[in-house]
>>> print(open('data_13.cif').read())   # mmCIF, C-alpha atoms
data_entry
loop_
_atom_site.label_atom_id
_atom_site.label_comp_id
_atom_site.auth_asym_id
_atom_site.auth_seq_id
_atom_site.Cartn_x
_atom_site.Cartn_y
_atom_site.Cartn_z
CA MET A 1 -3.21 28.63 -4.87
CA PRO A 2 -0.52 26.64 -6.72
CA THR A 3 -0.72 27.39 -10.45
CA ILE A 4 1.08 26.40 -13.64
CA LEU A 5 0.25 28.06 -16.96
CA LEU A 6 1.91 26.77 -20.13
CA GLY A 7 1.54 28.06 -23.64
CA ASP A 8 2.51 30.23 -26.56
CA LEU A 9 2.26 33.63 -24.91
CA ASN A 10 3.88 35.59 -27.78
CA SER A 11 5.91 37.35 -25.11
CA LYS A 12 9.59 37.62 -25.94
CA HIS A 13 12.20 38.73 -23.41
CA GLN A 14 15.97 38.27 -23.46
CA THR A 15 15.90 37.40 -19.77
CA TRP A 16 14.30 34.04 -20.56
CA GLY A 17 16.43 33.35 -23.63
CA CYS A 18 14.66 35.10 -26.50
CA GLN A 19 16.60 36.78 -29.29
CA LYS A 20 14.82 40.10 -28.68
CA THR A 21 12.38 41.66 -26.24
CA ASN A 22 8.92 42.74 -27.45
CA PRO A 23 6.28 44.91 -25.68
CA ASN A 24 4.37 41.82 -24.49
CA GLY A 25 7.61 40.45 -23.06
CA ASN A 26 8.20 43.66 -21.12
CA LYS A 27 4.64 43.58 -19.74
CA LEU A 28 4.91 39.91 -18.75
CA HIS A 29 8.34 40.43 -17.18
CA LYS A 30 7.05 43.37 -15.11
CA PHE A 31 3.91 41.50 -14.03
CA THR A 32 5.71 38.28 -13.08
CA SER A 33 8.40 40.23 -11.21
CA GLU A 34 5.78 42.11 -9.20
CA GLN A 35 3.73 38.98 -8.46
CA GLY A 36 6.64 36.63 -7.68
CA ILE A 37 5.76 34.34 -10.58
CA ILE A 38 8.55 32.16 -11.98
CA ILE A 39 9.03 31.98 -15.74
CA SER A 40 10.25 28.60 -16.96
CA PRO A 41 11.26 28.52 -20.64
CA PRO A 42 12.58 25.57 -22.63
CA ALA A 43 16.29 25.65 -23.46
CA GLU A 44 15.77 25.78 -27.21
CA PRO A 45 13.52 27.67 -29.65
CA THR A 46 9.87 26.66 -30.08
CA PHE A 47 9.19 28.84 -33.13
CA HIS A 48 10.96 28.42 -36.49
CA ARG A 49 9.75 30.53 -39.41
CA SER A 50 11.62 30.84 -42.68
CA GLY A 51 13.43 34.16 -42.93
CA ARG A 52 13.28 34.80 -39.16
CA LEU A 53 15.54 33.86 -36.29
CA PRO A 54 14.22 30.91 -34.26
CA ASP A 55 12.86 32.02 -30.89
CA ILE A 56 11.16 30.91 -27.69
CA LEU A 57 7.42 31.65 -27.63
CA ASP A 58 6.23 28.76 -25.45
CA ILE A 59 6.93 29.27 -21.76
CA ALA A 60 5.54 28.19 -18.40
CA LEU A 61 4.49 30.46 -15.56
CA ILE A 62 4.69 28.92 -12.08
CA SER A 63 3.12 30.43 -8.97
CA ASN A 64 3.11 29.15 -5.39
CA LEU A 65 4.63 25.83 -6.36
CA PRO A 66 8.21 24.98 -5.31
CA ILE A 67 9.00 22.70 -8.24
CA ASP A 68 10.92 22.77 -11.48
CA LEU A 69 9.61 21.90 -14.91
CA HIS A 70 11.71 20.03 -17.43
CA HIS A 71 10.93 20.99 -21.04
CA VAL A 72 11.65 18.93 -24.16
CA VAL A 73 11.07 20.61 -27.52
CA GLN A 74 9.76 18.16 -30.13
CA ASN A 75 11.08 19.18 -33.56
CA GLU A 76 8.90 16.62 -35.30
CA LEU A 77 6.10 18.63 -36.92
CA ASP A 78 6.06 20.35 -40.28
CA SER A 79 5.07 23.65 -38.68
CA ASP A 80 6.73 26.87 -37.59
CA HIS A 81 5.47 26.16 -34.05
CA VAL A 82 6.76 22.99 -32.41
CA PRO A 83 5.27 21.16 -29.42
CA VAL A 84 6.91 21.17 -26.01
CA ILE A 85 6.56 18.37 -23.49
CA SER A 86 6.88 19.70 -19.94
CA THR A 87 7.41 17.35 -17.02
CA LEU A 88 7.16 18.15 -13.33
CA ASN A 89 10.35 17.56 -11.41
CA GLU A 90 9.19 15.76 -8.30
CA GLN A 91 12.00 17.07 -6.11
CA ILE A 92 11.24 20.16 -4.07
CA LYS A 93 13.56 23.05 -4.85
CA ALA A 94 16.49 23.42 -2.52
CA LYS A 95 16.33 26.22 0.04
CA ASN A 96 19.61 27.55 -1.35
CA PRO A 97 19.26 27.17 -5.12
CA ILE A 98 22.27 27.37 -7.39
CA PRO A 99 22.71 31.00 -8.45
CA LYS A 100 21.86 31.79 -12.04
CA LEU A 101 24.54 32.82 -14.47
CA ILE A 102 22.30 35.16 -16.46
CA ASN A 103 20.28 37.63 -14.41
CA ALA A 104 19.79 40.41 -16.95
CA PRO A 105 19.84 41.08 -20.69
CA ILE A 106 23.22 40.48 -22.30
CA ASN A 107 25.17 42.96 -24.41
CA TRP A 108 26.32 40.32 -26.91
CA GLU A 109 28.92 42.57 -28.53
CA ALA A 110 30.58 43.14 -25.13
CA PHE A 111 30.36 39.39 -24.48
CA ARG A 112 32.09 38.56 -27.80
CA LYS A 113 34.76 41.20 -27.22
CA ASN A 114 35.47 39.86 -23.73
CA LEU A 115 35.81 36.30 -25.03
CA ASP A 116 38.07 37.40 -27.89
CA GLU A 117 40.36 39.20 -25.45
CA LYS A 118 40.58 36.40 -22.90
CA LEU A 119 40.46 33.21 -24.96
CA ASN A 120 43.68 32.16 -26.60
CA ASN A 121 43.52 28.48 -27.31
CA GLN A 122 46.87 27.86 -29.00
CA LYS A 123 47.76 24.98 -26.69
CA ARG A 124 48.41 21.40 -27.72
CA TYR A 125 46.94 18.91 -25.33
CA SER A 126 49.14 16.10 -24.08
CA ASP A 127 46.66 14.25 -21.89
CA LEU A 128 43.17 14.18 -20.41
CA ASP A 129 44.24 16.35 -17.47
CA ASP A 130 45.27 19.13 -19.90
CA ILE A 131 41.89 18.91 -21.60
CA ASN A 132 40.00 19.05 -18.28
CA LYS A 133 42.02 22.08 -17.12
CA SER A 134 41.27 23.84 -20.40
CA ILE A 135 37.56 23.09 -20.06
CA GLU A 136 37.57 24.60 -16.57
CA HIS A 137 39.47 27.64 -17.85
CA ILE A 138 37.07 28.19 -20.76
CA THR A 139 34.06 27.76 -18.46
CA ASP A 140 35.43 30.35 -16.04
CA ILE A 141 36.08 32.81 -18.87
CA ILE A 142 32.53 32.34 -20.20
CA LYS A 143 31.07 32.97 -16.72
CA ILE A 144 33.14 36.15 -16.33
CA ALA A 145 32.24 37.35 -19.84
CA VAL A 146 28.51 36.81 -19.20
CA THR A 147 28.65 38.60 -15.86
CA GLN A 148 30.51 41.57 -17.34
CA ALA A 149 28.18 41.78 -20.37
CA GLN A 150 24.93 41.98 -18.38
CA THR A 151 23.32 45.35 -19.04
CA LYS A 152 21.26 45.78 -15.88
CA LYS A 153 20.11 43.75 -12.91
CA HIS A 154 16.58 42.43 -12.42
CA THR A 155 15.20 41.38 -9.08
CA ALA A 156 12.88 38.68 -10.40
CA THR A 157 13.74 35.03 -10.11
CA LEU A 158 13.36 33.61 -13.59
CA GLN A 159 13.98 30.06 -14.66
#
>>> encode(input="data_13.cif", output="structure tokens")
Amino acid sequence: MPTILLGDLNSKHQTWGCQKTNPNGNKLHKFTSEQGIIISPPAEPTFHRSGRLPDILDIALISNLPIDLHHVVQNELDSDHVPVISTLNEQIKAKNPIPKLINAPINWEAFRKNLDEKLNNQKRYSDLDDINKSIEHITDIIKIAVTQAQTKKHTATLQ
């Protein structure tokens, strides 16, 4: 049966963009991996409390439904929890989806070190072509740094 569940699940996991992983996040990650359930988080934090790092608590779980959700975080309330508007993408997912860049938790120190070693932006740009080449170069370096900084592989498809 096609199912979508959205809400504040208080389940944090670095795989779907959280700052840290908590026990609930580990349980949810294990369950969704075993059941083939897709996790769809918003791209930005949904929880902002003074003295704490912002984080993603509101996520969507999608089962037996080949669609994507588009999330927009509404930073308009005077609350530590902010609303999220989720919209169904009407296009069916492609049979060969674009591979994900992040497939496992990231060792951020290794990521930073890799970027520091490979990025040397001392160049002066003479035209738009120089800028575009630099953007491509930086993008490639970021992709390599992320791949090399992943700590372990997960088999689940998370979005």
>>> resolve_selection(input="data_13.cif", expression="the PyMOL selection byres ((chain A and resi 142) around 12)", output="PyMOL selection string")
chain A and resi 101-102+111-119+135-141+143-149
>>> write_last_selection(input="data_13.cif", atoms="C-alpha atoms", output="mmCIF file, in the frame of the given file")
data_model
loop_
_atom_site.group_PDB
_atom_site.id
_atom_site.type_symbol
_atom_site.label_atom_id
_atom_site.label_comp_id
_atom_site.auth_asym_id
_atom_site.auth_seq_id
_atom_site.Cartn_x
_atom_site.Cartn_y
_atom_site.Cartn_z
ATOM 1 C CA LEU A 101 24.540 32.820 -14.470
ATOM 2 C CA ILE A 102 22.300 35.160 -16.460
ATOM 3 C CA PHE A 111 30.360 39.390 -24.480
ATOM 4 C CA ARG A 112 32.090 38.560 -27.800
ATOM 5 C CA LYS A 113 34.760 41.200 -27.220
ATOM 6 C CA ASN A 114 35.470 39.860 -23.730
ATOM 7 C CA LEU A 115 35.810 36.300 -25.030
ATOM 8 C CA ASP A 116 38.070 37.400 -27.890
ATOM 9 C CA GLU A 117 40.360 39.200 -25.450
ATOM 10 C CA LYS A 118 40.580 36.400 -22.900
ATOM 11 C CA LEU A 119 40.460 33.210 -24.960
ATOM 12 C CA ILE A 135 37.560 23.090 -20.060
ATOM 13 C CA GLU A 136 37.570 24.600 -16.570
ATOM 14 C CA HIS A 137 39.470 27.640 -17.850
ATOM 15 C CA ILE A 138 37.070 28.190 -20.760
ATOM 16 C CA THR A 139 34.060 27.760 -18.460
ATOM 17 C CA ASP A 140 35.430 30.350 -16.040
ATOM 18 C CA ILE A 141 36.080 32.810 -18.870
ATOM 19 C CA LYS A 143 31.070 32.970 -16.720
ATOM 20 C CA ILE A 144 33.140 36.150 -16.330
ATOM 21 C CA ALA A 145 32.240 37.350 -19.840
ATOM 22 C CA VAL A 146 28.510 36.810 -19.200
ATOM 23 C CA THR A 147 28.650 38.600 -15.860
ATOM 24 C CA GLN A 148 30.510 41.570 -17.340
ATOM 25 C CA ALA A 149 28.180 41.780 -20.370
#
>>> residues_around(input="data_13.cif", residues="stretch 51-61 of chain A", least_positions_apart="6", cutoff="7 Å", atoms="all atoms listed in the file", output="list in words")
Ile4, Leu5, Leu6, Gly7, Asp8, Leu9, Asn10, Ser11, Lys12, Cys18, Gln19, Ile37, Ile38, Ile39, Ser40, Pro41, Pro42, Glu44 and Pro45 of chain A
>>> atom_distance(input="data_13.cif", atom1="atom CA of A:His29", atom2="atom CA of A:Gly17")
12.5 Å
>>> atom_distance(input="data_13.cif", atom1="atom CA of A:Ser63", atom2="atom CA of A:Ser33")
11.4 Å
>>> atom_distance(input="data_13.cif", atom1="atom CA of A:Glu109", atom2="atom CA of A:Phe31")
28.9 Å
>>> resolve_selection(input="data_13.cif", expression="the PyMOL selection byres ((chain A and resi 71) around 7)", output="PyMOL selection string")
chain A and resi 42+69-70+72-73+84-87
>>> resolve_selection(input="data_13.cif", expression="the PyMOL selection byres ((chain A and resi 151) around 7)", output="ChimeraX atom specification")
/A:104-107,149-150,152
>>> residues_near_point(input="data_13.cif", point="(9.0, 41.3, -22.0)", cutoff="10 Å", atoms="only C-alpha atoms", output="list of chain:residue names")
A:Asn10, A:Ser11, A:Lys12, A:His13, A:Gln14, A:Thr15, A:Trp16, A:Cys18, A:Lys20, A:Thr21, A:Asn22, A:Pro23, A:Asn24, A:Gly25, A:Asn26, A:Lys27, A:Leu28, A:His29, A:Lys30, A:Phe31, A:Thr32
>>> closest_residue(input="data_13.cif", among="A:Ser50, A:Leu65, A:Ala43, A:Lys123", to="A:Pro2", atoms="all atoms listed in the file")
A:Leu65
>>> closest_residue(input="data_13.cif", among="A:Glu34, A:Pro83, A:Lys100, A:Asp68", to="A:Thr46", atoms="all atoms listed in the file")
A:Pro83
